[in-house]
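What follows is a single structure, written as structure tokens, with notes after it.
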Amino acid sequence: TQQARNEIGAAQRNLQVAEKRIAVAEQGVRQAKQSLHITEQRYREGLEKTSDLLDREAMFTNAKLRLLKAKHDFQLAVSQLNFATGQ
């Protein structure tokens, strides 16, 4: 039916969006990790404040959480597509 085709199409689009969000989130984790590493080095050298280090740690943690959310959304999109296609 048309409704089934619409549901499958929507599920496929959701899956594509979820894949892109994972890629963006992975890049965010890499960038946050690099920023944290640099800040840790500068902190050990006395060039950064504790608050700067804590900010970078929080940014890294938030980036990892966004990645986990993106992966969760991907799995949800897979489930929705499987349901829409009767698998």
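Ligands are numbered from 1 in the order shown, residues from 1 within each chain, and chains are lettered A, B, ... in the order they appear in the structure tokens.
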
task = Tell me which protein, DNA and RNA residues are within 7 Å of stretch 15-22 of chain A, counting only C-alpha atoms, leaving out same-chain ones fewer than 3 positions away, and put them as number ranges by chain.
result = A: 11-12, 25-26, 67, 70-71, 73-74, 77-78

inquiry  = To one decimal place in Å, what is the distance between atom CA of A:Gly86 and atom CA of A:Ala23?
reply    = 27.9 Å

request  = Might you pull out every residue within 12 Å of stretch 29-38 of chain A, with only C-alpha atoms counted and same-chain residues fewer than 6 positions away left off, and present them as an NGL selection string?
outcome  = :A and (22-23 or 44-45 or 47-48 or 52-68)

message = as a PyMOL selection string, please: the residues near A:Ile8 (cut-off 7 Å, only C-alpha atoms, same-chain neighbours under 6 positions excluded).
response = chain A and resi 81+84-85

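Separating atom CA of A:Gln87 from atom CA of A:Gln75 is a distance of 14.4 Å.
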